[in-house]
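J.: What follows is model_3.txt, compact mmCIF, C-alpha atoms and all ligand atoms.
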```
# COMPACT_ATOMS: atom_id res chain seq x y z
CA MET X 1257 21.66 29.95 -44.60
CA MET X 1258 23.78 29.69 -47.73
CA THR X 1259 22.03 29.09 -51.06
CA ALA X 1260 23.51 26.44 -53.39
CA PRO X 1261 25.17 27.67 -56.61
CA ASP X 1262 23.52 25.16 -58.93
CA LEU X 1263 20.42 26.10 -60.92
CA PRO X 1264 17.11 25.32 -59.18
CA ALA X 1265 15.61 21.99 -60.36
CA GLU X 1266 12.60 23.74 -61.99
CA LEU X 1267 14.85 26.01 -64.03
CA LYS X 1268 17.20 23.19 -65.05
CA ALA X 1269 14.22 21.08 -66.18
CA ALA X 1270 12.71 24.01 -68.09
CA LEU X 1271 15.99 24.69 -69.92
CA ASP X 1272 16.53 20.99 -70.71
CA SER X 1273 13.02 20.61 -72.10
CA ARG X 1274 13.52 23.61 -74.44
CA LEU X 1275 16.65 21.93 -75.77
CA GLN X 1276 14.66 18.86 -76.85
CA GLY X 1277 14.26 18.78 -80.61
CA LEU X 1278 17.02 21.35 -81.22
CA SER X 1279 20.30 20.37 -82.81
CA ARG X 1280 22.89 20.42 -80.01
CA SER X 1281 25.72 21.15 -82.42
CA ASP X 1282 23.81 24.09 -83.97
CA THR X 1283 23.01 25.41 -80.48
CA ALA X 1284 26.67 24.95 -79.47
CA THR X 1285 27.79 26.91 -82.57
CA ARG X 1286 25.42 29.76 -81.73
CA ALA X 1287 26.58 29.77 -78.10
CA ALA X 1288 30.21 29.93 -79.30
CA ILE X 1289 29.44 32.92 -81.58
CA ILE X 1290 27.69 34.75 -78.72
CA SER X 1291 30.58 34.01 -76.32
CA LYS X 1292 33.13 35.23 -78.86
CA THR X 1293 31.15 38.45 -79.31
CA TYR X 1294 31.29 38.96 -75.52
CA ARG X 1295 34.99 38.18 -75.35
CA ASP X 1296 35.66 40.67 -78.17
CA GLY X 1297 33.94 43.38 -76.15
CA GLY X 1298 30.56 43.21 -77.91
CA GLY X 1299 27.30 42.89 -76.02
CA SER X 1300 24.04 41.00 -76.31
CA GLY X 1301 23.51 42.33 -79.84
CA ALA X 1302 24.49 38.87 -81.13
CA ILE X 1303 21.30 37.43 -79.55
CA LYS X 1304 18.79 37.88 -82.36
CA SER X 1305 16.42 34.90 -82.21
CA ALA X 1306 14.70 32.50 -79.82
CA THR X 1307 17.42 29.90 -80.51
CA ASP X 1308 20.18 32.45 -79.81
CA ALA X 1309 18.50 33.33 -76.52
CA LEU X 1310 18.26 29.67 -75.54
CA ALA X 1311 21.89 29.03 -76.57
CA TYR X 1312 23.00 31.98 -74.43
CA ALA X 1313 20.97 30.75 -71.46
CA LEU X 1314 22.24 27.17 -71.74
CA ALA X 1315 25.85 28.28 -72.02
CA ARG X 1316 25.96 31.17 -69.55
CA MET X 1317 23.01 31.05 -67.15
CA PRO X 1318 24.54 28.37 -64.85
CA ALA X 1319 27.66 30.52 -64.35
CA THR X 1320 26.01 33.95 -64.00
CA TYR X 1321 23.44 32.37 -61.66
CA ALA X 1322 26.25 30.92 -59.51
CA ALA X 1323 28.03 34.30 -59.37
CA VAL X 1324 24.82 36.09 -58.33
CA ILE X 1325 24.14 33.44 -55.67
CA ALA X 1326 27.67 33.80 -54.27
CA SER X 1327 27.19 37.59 -54.09
CA LEU X 1328 23.76 37.23 -52.47
CA ASN X 1329 25.20 34.77 -49.94
CA ALA X 1330 27.81 37.37 -48.97
CA LEU X 1331 25.08 40.01 -48.71
CA CYS X 1332 22.90 37.75 -46.51
CA GLU X 1333 25.84 37.05 -44.26
CA ALA X 1334 26.59 40.77 -43.87
CA ARG X 1335 22.91 41.68 -43.42
CA PRO X 1336 21.18 38.65 -41.84
CA ASP X 1337 18.00 40.65 -41.14
CA PHE X 1338 17.53 41.83 -44.72
CA ALA X 1339 14.20 40.48 -46.02
CA PRO X 1340 13.36 42.28 -49.27
CA LYS X 1341 9.76 42.12 -50.49
CA ASN X 1342 10.33 43.37 -54.02
CA LEU X 1343 13.05 43.02 -56.61
CA LEU X 1344 14.04 45.09 -59.62
CA ASP X 1345 16.25 43.13 -62.03
CA VAL X 1346 17.92 45.54 -64.49
CA GLY X 1347 19.17 44.03 -67.78
CA ALA X 1348 17.49 40.83 -66.63
CA GLY X 1349 18.13 38.81 -69.81
CA PRO X 1350 16.75 35.29 -69.28
CA GLY X 1351 15.87 36.18 -65.66
CA THR X 1352 19.02 34.80 -64.04
CA ALA X 1353 19.27 37.22 -61.10
CA THR X 1354 15.53 36.96 -60.48
CA TRP X 1355 15.76 33.18 -60.10
CA ALA X 1356 18.78 33.60 -57.84
CA ALA X 1357 17.18 36.26 -55.64
CA ALA X 1358 13.99 34.18 -55.37
CA GLU X 1359 16.08 31.28 -54.06
CA ALA X 1360 18.11 33.43 -51.65
CA PHE X 1361 15.15 35.44 -50.28
CA LEU X 1362 11.91 33.64 -49.55
CA SER X 1363 10.59 37.05 -48.48
CA LEU X 1364 10.45 38.27 -52.11
CA GLN X 1365 6.91 38.63 -53.44
CA ASN X 1366 7.15 41.02 -56.41
CA PHE X 1367 9.56 40.70 -59.29
CA ASP X 1368 10.06 43.53 -61.80
CA LEU X 1369 12.44 42.90 -64.68
CA VAL X 1370 13.70 45.20 -67.44
CA ASP X 1371 15.65 44.40 -70.61
CA ALA X 1372 16.00 45.69 -74.16
CA ASN X 1373 16.25 42.26 -75.81
CA THR X 1374 12.95 40.83 -77.10
CA ASP X 1375 14.17 37.23 -77.42
CA LEU X 1376 15.73 37.08 -73.95
CA ARG X 1377 12.57 38.57 -72.47
CA ALA X 1378 10.41 35.97 -74.23
CA LEU X 1379 12.65 33.16 -72.97
CA ALA X 1380 12.60 34.57 -69.42
CA LEU X 1381 8.79 34.64 -69.41
CA ASP X 1382 8.67 31.11 -70.78
CA LEU X 1383 11.12 29.79 -68.15
CA ALA X 1384 9.37 31.65 -65.32
CA SER X 1385 6.04 30.07 -66.27
CA SER X 1386 7.40 26.78 -64.85
CA SER X 1387 7.77 28.30 -61.37
CA ALA X 1388 4.82 28.93 -59.05
CA ARG X 1389 6.67 31.88 -57.49
CA LEU X 1390 7.85 33.48 -60.72
CA ARG X 1391 4.80 32.85 -62.91
CA ASP X 1392 3.55 36.42 -62.41
CA ILE X 1393 6.77 38.38 -62.92
CA ASN X 1394 6.39 41.80 -64.49
CA TYR X 1395 8.95 42.00 -67.32
CA ARG X 1396 9.16 45.25 -69.30
CA ARG X 1397 11.00 45.45 -72.58
CA GLY X 1398 12.94 48.61 -73.28
CA ASP X 1399 16.13 50.54 -72.73
CA ALA X 1400 17.05 50.36 -69.04
CA ARG X 1401 17.22 54.13 -68.46
CA ALA X 1402 13.99 54.94 -70.26
CA THR X 1403 12.13 52.05 -68.62
CA LEU X 1404 13.49 52.60 -65.12
CA ALA X 1405 12.57 56.26 -65.07
CA ASP X 1406 8.95 55.45 -64.21
CA ALA X 1407 9.55 52.10 -62.46
CA GLU X 1408 8.61 51.61 -58.80
CA ALA X 1409 11.54 51.62 -56.35
CA ALA X 1410 12.40 48.19 -54.91
CA ASP X 1411 13.96 46.88 -51.70
CA LEU X 1412 16.57 45.01 -53.75
CA VAL X 1413 17.85 46.15 -57.15
CA VAL X 1414 20.21 43.88 -59.10
CA ALA X 1415 22.17 44.37 -62.33
CA SER X 1416 24.14 41.25 -63.18
CA TYR X 1417 26.60 41.20 -66.10
CA VAL X 1418 24.95 44.32 -67.54
CA ILE X 1419 26.93 47.51 -66.95
CA GLY X 1420 29.78 46.26 -69.15
CA GLU X 1421 27.44 46.61 -72.13
CA LEU X 1422 27.13 50.37 -71.63
CA GLY X 1423 29.36 53.30 -72.53
CA ASP X 1424 30.89 55.33 -69.67
CA ALA X 1425 28.34 58.19 -69.67
CA GLU X 1426 25.42 55.79 -70.03
CA ARG X 1427 26.75 53.61 -67.20
CA SER X 1428 27.21 56.54 -64.87
CA ALA X 1429 23.68 57.85 -65.56
CA LEU X 1430 22.16 54.38 -65.09
CA THR X 1431 24.11 53.99 -61.83
CA ASP X 1432 22.47 57.12 -60.39
CA LEU X 1433 19.07 56.03 -61.65
CA MET X 1434 19.39 52.51 -60.17
CA TRP X 1435 20.34 54.07 -56.83
CA THR X 1436 17.26 56.32 -56.82
CA LYS X 1437 15.18 53.15 -57.41
CA THR X 1438 16.89 51.33 -54.50
CA ARG X 1439 14.98 51.39 -51.23
CA ASP X 1440 17.54 49.26 -49.40
CA THR X 1441 20.27 47.47 -51.36
CA LEU X 1442 21.75 47.58 -54.87
CA LEU X 1443 23.79 44.59 -56.05
CA ILE X 1444 26.05 44.82 -59.10
CA VAL X 1445 27.78 41.70 -60.44
CA GLU X 1446 30.34 41.74 -63.25
CA PRO X 1447 32.84 39.34 -64.85
CA GLY X 1448 35.88 38.91 -62.58
CA SER X 1449 38.28 40.55 -65.05
CA PRO X 1450 40.34 43.70 -64.40
CA ALA X 1451 37.83 45.60 -66.58
CA GLY X 1452 34.84 44.21 -64.65
CA TYR X 1453 36.51 45.18 -61.37
CA ALA X 1454 37.28 48.69 -62.70
CA ARG X 1455 33.58 49.20 -63.50
CA ILE X 1456 32.57 47.98 -60.03
CA LEU X 1457 35.15 50.29 -58.45
CA ALA X 1458 33.92 53.36 -60.36
CA LEU X 1459 30.28 52.62 -59.50
CA ARG X 1460 31.21 52.00 -55.85
CA GLN X 1461 32.96 55.38 -55.66
CA GLN X 1462 30.11 57.18 -57.41
CA LEU X 1463 27.48 55.82 -55.03
CA ILE X 1464 29.49 56.16 -51.81
CA ALA X 1465 29.75 59.85 -52.77
CA ALA X 1466 25.94 59.78 -53.03
CA GLY X 1467 25.60 58.34 -49.49
CA ALA X 1468 25.74 54.55 -50.08
CA HIS X 1469 27.48 52.13 -47.69
CA VAL X 1470 29.19 48.91 -48.76
CA ALA X 1471 27.47 45.81 -47.36
CA ALA X 1472 29.83 43.40 -49.19
CA PRO X 1473 32.52 42.52 -50.14
CA CYS X 1474 34.46 45.49 -48.66
CA PRO X 1475 34.75 45.84 -44.87
CA HIS X 1476 34.77 49.66 -45.24
CA ASP X 1477 33.50 52.54 -47.37
CA GLY X 1478 37.00 53.95 -47.89
CA GLN X 1479 39.21 53.87 -50.95
CA CYS X 1480 39.93 50.40 -52.33
CA PRO X 1481 43.47 49.48 -51.14
CA ILE X 1482 44.16 47.15 -54.09
CA GLN X 1483 46.79 48.43 -56.51
CA PRO X 1484 47.03 47.43 -60.19
CA PRO X 1485 47.94 45.01 -61.70
CA ASP X 1486 46.06 43.28 -58.85
CA TRP X 1487 42.26 43.44 -58.85
CA CYS X 1488 39.48 42.36 -56.50
CA HIS X 1489 37.57 39.33 -57.74
CA PHE X 1490 36.20 36.03 -56.55
CA THR X 1491 35.49 32.61 -57.97
CA GLN X 1492 32.55 30.25 -57.72
CA ARG X 1493 32.65 26.58 -58.72
CA LEU X 1494 29.48 25.23 -60.35
CA PRO X 1495 28.50 21.82 -61.65
CA ARG X 1496 28.08 21.34 -65.41
CA SER X 1497 25.14 19.25 -66.61
CA GLN X 1498 25.45 16.97 -69.64
CA ALA X 1499 23.68 19.54 -71.83
CA HIS X 1500 25.86 22.36 -70.47
CA LYS X 1501 29.02 20.37 -71.31
CA GLN X 1502 27.79 19.67 -74.83
CA ILE X 1503 26.81 23.27 -75.52
CA LYS X 1504 30.20 24.50 -74.28
CA GLY X 1505 32.15 21.66 -75.89
CA ALA X 1506 33.66 21.05 -72.44
CA GLU X 1507 34.88 17.87 -70.74
CA LEU X 1508 35.12 18.83 -67.07
CA PRO X 1509 31.99 18.25 -64.94
CA PHE X 1510 32.39 21.69 -63.33
CA GLU X 1511 33.53 25.19 -64.14
CA ASP X 1512 34.92 28.06 -62.09
CA GLU X 1513 33.26 31.42 -62.74
CA LYS X 1514 35.34 34.45 -61.87
CA PHE X 1515 33.25 37.44 -60.85
CA ALA X 1516 33.44 40.84 -59.15
CA TYR X 1517 30.60 42.40 -57.21
CA VAL X 1518 29.50 45.11 -54.84
CA ALA X 1519 26.39 45.33 -52.66
CA LEU X 1520 25.60 48.91 -51.64
CA ALA X 1521 23.05 49.68 -48.96
CA ARG X 1522 21.32 52.77 -47.63
CA ALA X 1523 22.22 51.77 -44.05
CA ARG X 1524 25.72 51.18 -42.72
CA SER X 1525 26.41 47.49 -41.89
CA VAL X 1526 26.98 46.76 -38.22
CA GLN X 1527 29.51 43.98 -38.79
CA HIS X 1528 32.80 44.69 -40.50
CA SER X 1529 34.39 41.33 -41.13
CA SER X 1530 37.55 41.12 -43.19
CA ARG X 1531 37.30 39.57 -46.65
CA VAL X 1532 39.55 36.76 -47.91
CA LEU X 1533 40.87 37.94 -51.29
CA ALA X 1534 42.60 34.78 -52.60
CA GLN X 1535 42.70 31.11 -51.69
CA PRO X 1536 44.77 30.95 -48.45
CA VAL X 1537 47.95 28.88 -48.45
CA VAL X 1538 47.91 26.23 -45.72
CA THR X 1539 51.16 24.59 -44.58
CA LYS X 1540 52.05 22.62 -41.49
CA ILE X 1541 53.69 25.75 -40.12
CA GLU X 1542 51.06 28.42 -40.77
CA VAL X 1543 48.09 29.65 -42.77
CA THR X 1544 48.86 32.62 -45.00
CA ALA X 1545 45.84 34.61 -46.16
CA LYS X 1546 45.39 37.82 -48.11
CA LEU X 1547 42.71 39.83 -46.32
CA CYS X 1548 40.97 43.12 -46.99
CA THR X 1549 40.42 44.61 -43.54
CA ALA X 1550 38.89 47.84 -42.25
CA ASP X 1551 42.49 49.13 -42.10
CA GLY X 1552 43.57 48.04 -45.56
CA LEU X 1553 45.22 45.01 -47.15
CA VAL X 1554 46.91 42.55 -44.81
CA ILE X 1555 48.81 39.32 -45.42
CA ALA X 1556 47.74 37.45 -42.29
CA LYS X 1557 49.96 34.65 -40.99
CA VAL X 1558 48.33 32.35 -38.48
CA PRO X 1559 50.93 30.02 -36.91
CA ARG X 1560 50.11 26.42 -36.06
CA ARG X 1561 51.05 27.00 -32.46
CA ALA X 1562 48.00 29.29 -32.11
CA LYS X 1563 45.90 26.13 -32.16
CA ALA X 1564 42.31 27.43 -32.19
CA GLU X 1565 43.06 30.31 -34.60
CA TYR X 1566 45.02 28.00 -36.92
CA ALA X 1567 42.16 25.47 -36.95
CA ARG X 1568 39.73 28.27 -37.87
CA ALA X 1569 42.02 29.83 -40.49
CA ARG X 1570 42.50 26.42 -42.18
CA ARG X 1571 38.82 26.57 -43.13
CA TRP X 1572 39.00 30.05 -44.70
CA ARG X 1573 38.08 30.11 -48.36
CA TRP X 1574 38.54 32.78 -51.01
CA GLY X 1575 35.57 35.18 -50.71
CA ASP X 1576 34.75 34.37 -47.06
CA ALA X 1577 34.03 37.08 -44.52
CA VAL X 1578 36.21 36.32 -41.50
CA MET X 1579 36.78 37.75 -38.07
CA GLU X 1580 40.47 38.00 -37.22
CA GLU X 1581 41.88 37.48 -33.77
CA SER X 1582 43.71 40.58 -32.61
C1 LIG D 1601 25.17 39.53 -70.44
S1 LIG D 1601 23.45 39.74 -70.39
C2 LIG D 1601 23.11 39.40 -68.66
C3 LIG D 1601 21.71 38.96 -68.44
C4 LIG D 1601 21.36 38.60 -67.01
N1 LIG D 1601 21.37 39.75 -66.15
C5 LIG D 1601 22.29 37.53 -66.49
O1 LIG D 1601 22.99 37.77 -65.51
O2 LIG D 1601 22.31 36.43 -67.05
C6 LIG D 1601 23.27 41.49 -70.49
C7 LIG D 1601 21.83 41.94 -70.61
O3 LIG D 1601 21.77 43.36 -70.50
C8 LIG D 1601 20.81 43.81 -71.43
N2 LIG D 1601 21.10 45.21 -71.74
C9 LIG D 1601 22.27 45.75 -72.15
N3 LIG D 1601 22.15 47.08 -72.30
C10 LIG D 1601 20.87 47.39 -71.99
C11 LIG D 1601 20.13 48.61 -71.95
N4 LIG D 1601 20.70 49.79 -72.26
N5 LIG D 1601 18.85 48.56 -71.57
C12 LIG D 1601 18.27 47.38 -71.24
N6 LIG D 1601 18.90 46.20 -71.25
C13 LIG D 1601 20.20 46.20 -71.62
C14 LIG D 1601 20.98 42.90 -72.62
O4 LIG D 1601 19.86 42.91 -73.48
C15 LIG D 1601 21.20 41.54 -71.93
O5 LIG D 1601 20.01 40.88 -71.70
```
Please, can you express the file's structure as structure tokens?
T.:
Amino acid sequence: MMTAPDLPAELKAALDSRLQGLSRSDTATRAAIISKTYRDGGGSGAIKSATDALAYALARMPATYAAVIASLNALCEARPDFAPKNLLDVGAGPGTATWAAAEAFLSLQNFDLVDANTDLRALALDLASSSARLRDINYRRGDARATLADAEAADLVVASYVIGELGDAERSALTDLMWTKTRDTLLIVEPGSPAGYARILALRQQLIAAGAHVAAPCPHDGQCPIQPPDWCHFTQRLPRSQAHKQIKGAELPFEDEKFAYVALARARSVQHSSRVLAQPVVTKIEVTAKLCTADGLVIAKVPRRAKAEYARARRWRWGDAVMEES
């Protein structure tokens, strides 16, 4: 079962109600300053008040939520029996990945969150209070490494849009620590930029060397076959609410979030489907698709005369896991 990429109704209502009484233009200005800080390579340091935290959540939570859901959908497809009971959300911010994991896994019962930012933590607790399932989350404030050191291990550990805020040495140390706290699967989600992909690639290599197996998106644990200037990333379309459009000063009723991710598991996945790495080109003659396969990158051409295969390949979408006919 795929989970929808739009924010759960409870979360949307909670965010909208916090916007009541605030100046939308002031909130939009704050959101723009925070976004610019991110674009310029800065981190969450620009979030210094309750209004900043809310502006960040209104502007970015729909997109980071959609990217985490898309990654969790790929994980669920690769590991249909995975039913985590507890979650550790590292650099949880407003609780985005926790909300997403709660939607994707009804099996989750315990939610542990960690973040250094006081205002984002306060907002997360406030938003979670509107959900029967998330009302009792355990959210610790502090530096991720210091706080994780004595945290309980969890079946599912997630760090979404976090590792880009750390220096190389810090990131590498946190990677090892997150893995020691992972009982089953660790999911890392990053912006779908070349830099985000490079961080995912380095973490993937580091943890495969430590015994991890890729559950998604890669169909193998070997070296990534993609050569620069190309990079592995995906895209998720999400609807924009009225408030979301106003805060972002946007016209379109949707946005496309580019993201990169890796889900690393302690056990090797049984299925090794190929991954569609760009939107396939469909013509009346053939479907052309860029696939990452267990044997490397392939440009698959499925001719129309192969009726059943062509009909199936026509439905392939960027990011899908697909079985190829040999
Ligand atoms: C871009 S936000 C992402 C928040 C959330 N995971 C999401 O997907 O919406 C990055 C978060 O990482 C947190 N963070 C960055 N470095 C951290 C560290 N060393 N320890 C704890 N939290 C950290 C920030 O405070 C911020 O909440």
J.: If we count all atoms listed in the file, what is near Gln1461 (chain X) at a cut-off of 9 Å, once residues fewer than 5 positions away on the same chain are taken out, given as an MDAnalysis selection string?
T.: chainID X and resid 1456 1466 1477:1479
J.: So how many Å separate CA of Ala1410 (chain X) and CA of Leu1463 (chain X), to one decimal?
T.: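 Separating CA of Ala1410 (chain X) from CA of Leu1463 (chain X) is a distance of 16.9 Å.
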J.: Can you list, as number ranges by chain, every protein, DNA or RNA residue that comes within 10 Å of Thr1441 (chain X) when you count all atoms listed in the file, leaving out same-chain residues fewer than 5 positions away?
T.: X: 1331, 1338, 1340, 1343, 1410-1414, 1435, 1468-1471, 1519-1523
J.: Show me, as CSV, the residues of chain X having an atom within 7 Å of ligand LIG 1601 (chain D), each with the closest atom pair and its distance in Å, using only C-alpha atoms and all ligand atoms.
T.:
```
residue,atom,partner,partner_atom,distance
X:Gly1299,CA,D:LIG1601,C1,6.9
X:Ser1300,CA,D:LIG1601,C14,5.2
X:Arg1316,CA,D:LIG1601,O2,6.9
X:Met1317,CA,D:LIG1601,O2,5.4
X:Thr1320,CA,D:LIG1601,O1,5.1
X:Tyr1321,CA,D:LIG1601,O1,6.6
X:Val1346,CA,D:LIG1601,N6,6.9
X:Gly1347,CA,D:LIG1601,O3,3.8
X:Ala1348,CA,D:LIG1601,N1,4.1
X:Gly1349,CA,D:LIG1601,O5,3.4
X:Pro1350,CA,D:LIG1601,O2,6.1
X:Gly1351,CA,D:LIG1601,C4,6.1
X:Thr1352,CA,D:LIG1601,O2,4.7
X:Ala1353,CA,D:LIG1601,O1,5.8
X:Val1370,CA,D:LIG1601,C12,6.3
X:Asp1371,CA,D:LIG1601,N6,3.8
X:Ala1372,CA,D:LIG1601,C12,4.1
X:Asn1373,CA,D:LIG1601,O4,4.3
X:Leu1376,CA,D:LIG1601,O5,6.1
X:Gly1398,CA,D:LIG1601,C12,5.8
X:Asp1399,CA,D:LIG1601,N5,3.6
X:Ala1400,CA,D:LIG1601,N5,3.6
X:Arg1401,CA,D:LIG1601,N5,6.6
X:Ala1415,CA,D:LIG1601,N1,6.0
X:Ser1416,CA,D:LIG1601,N1,4.3
X:Tyr1417,CA,D:LIG1601,C2,4.7
X:Val1418,CA,D:LIG1601,C6,4.4
X:Glu1421,CA,D:LIG1601,C9,5.2
X:Leu1422,CA,D:LIG1601,N3,6.0
```
J.: Write out as a PyMOL selection string the residues lying within 10 Å of region 1534-1536 of chain X, counting only C-alpha atoms and excluding same-chain residues fewer than 5 positions away.
T.: chain X and resi 1488-1491+1543-1547+1555-1557+1569-1576
J.: Would you please work out which residue, of X:Gly1298, X:Pro1264, X:Pro1481, X:Pro1495, is nearest to Gly1423 (chain X) when using only C-alpha atoms?
T.: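 Ranking X:Gly1298, X:Pro1264, X:Pro1481, X:Pro1495 by distance to Gly1423 (chain X), first place goes to X:Gly1298.
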J.: Extract region 1326-1334 of chain X from the preceding block and save all heavy atoms as a JSON list (two decimals), in the first residue's frame.
T.:
```json
[["chain", "number", "residue", "atom", "x", "y", "z"],
["X", 1326, "ALA", "N", 7.81, 9.35, -0.12],
["X", 1326, "ALA", "CA", 8.23, 8.66, -1.35],
["X", 1326, "ALA", "C", 9.32, 7.64, -1.02],
["X", 1326, "ALA", "O", 9.32, 6.52, -1.54],
["X", 1326, "ALA", "CB", 8.72, 9.67, -2.38],
["X", 1327, "SER", "N", 10.26, 8.01, -0.14],
["X", 1327, "SER", "CA", 11.34, 7.10, 0.24],
["X", 1327, "SER", "C", 10.80, 5.92, 1.03],
["X", 1327, "SER", "O", 11.21, 4.77, 0.83],
["X", 1327, "SER", "CB", 12.39, 7.84, 1.08],
["X", 1327, "SER", "OG", 12.75, 9.05, 0.46],
["X", 1328, "LEU", "N", 9.86, 6.19, 1.94],
["X", 1328, "LEU", "CA", 9.26, 5.11, 2.74],
["X", 1328, "LEU", "C", 8.43, 4.18, 1.85],
["X", 1328, "LEU", "O", 8.41, 2.96, 2.07],
["X", 1328, "LEU", "CB", 8.39, 5.68, 3.87],
["X", 1328, "LEU", "CG", 9.16, 6.37, 5.01],
["X", 1328, "LEU", "CD1", 8.18, 7.04, 5.98],
["X", 1328, "LEU", "CD2", 10.04, 5.36, 5.77],
["X", 1329, "ASN", "N", 7.77, 4.74, 0.85],
["X", 1329, "ASN", "CA", 7.01, 3.89, -0.08],
["X", 1329, "ASN", "C", 7.95, 2.92, -0.80],
["X", 1329, "ASN", "O", 7.64, 1.74, -0.97],
["X", 1329, "ASN", "CB", 6.25, 4.74, -1.11],
["X", 1329, "ASN", "CG", 4.94, 5.28, -0.55],
["X", 1329, "ASN", "OD1", 4.37, 4.72, 0.40],
["X", 1329, "ASN", "ND2", 4.45, 6.37, -1.11],
["X", 1330, "ALA", "N", 9.11, 3.44, -1.22],
["X", 1330, "ALA", "CA", 10.09, 2.57, -1.89],
["X", 1330, "ALA", "C", 10.60, 1.50, -0.94],
["X", 1330, "ALA", "O", 10.78, 0.33, -1.31],
["X", 1330, "ALA", "CB", 11.25, 3.40, -2.43],
["X", 1331, "LEU", "N", 10.82, 1.89, 0.32],
["X", 1331, "LEU", "CA", 11.28, 0.93, 1.33],
["X", 1331, "LEU", "C", 10.22, -0.16, 1.55],
["X", 1331, "LEU", "O", 10.53, -1.36, 1.59],
["X", 1331, "LEU", "CB", 11.59, 1.67, 2.64],
["X", 1331, "LEU", "CG", 11.83, 0.80, 3.87],
["X", 1331, "LEU", "CD1", 13.06, -0.10, 3.69],
["X", 1331, "LEU", "CD2", 12.02, 1.68, 5.13],
["X", 1332, "CYS", "N", 8.96, 0.25, 1.68],
["X", 1332, "CYS", "CA", 7.87, -0.71, 1.92],
["X", 1332, "CYS", "C", 7.73, -1.68, 0.75],
["X", 1332, "CYS", "O", 7.44, -2.85, 0.94],
["X", 1332, "CYS", "CB", 6.53, 0.01, 2.11],
["X", 1332, "CYS", "SG", 6.45, 0.90, 3.65],
["X", 1333, "GLU", "N", 7.96, -1.16, -0.44],
["X", 1333, "GLU", "CA", 7.84, -2.02, -1.61],
["X", 1333, "GLU", "C", 8.98, -3.06, -1.63],
["X", 1333, "GLU", "O", 8.76, -4.22, -1.96],
["X", 1333, "GLU", "CB", 7.91, -1.14, -2.87],
["X", 1333, "GLU", "CG", 7.35, -1.82, -4.08],
["X", 1333, "GLU", "CD", 7.44, -0.95, -5.31],
["X", 1333, "GLU", "OE1", 8.03, 0.14, -5.27],
["X", 1333, "GLU", "OE2", 6.90, -1.39, -6.34],
["X", 1334, "ALA", "N", 10.17, -2.60, -1.23],
["X", 1334, "ALA", "CA", 11.32, -3.53, -1.22],
["X", 1334, "ALA", "C", 11.23, -4.51, -0.05],
["X", 1334, "ALA", "O", 11.72, -5.63, -0.15],
["X", 1334, "ALA", "CB", 12.62, -2.74, -1.13]]
```
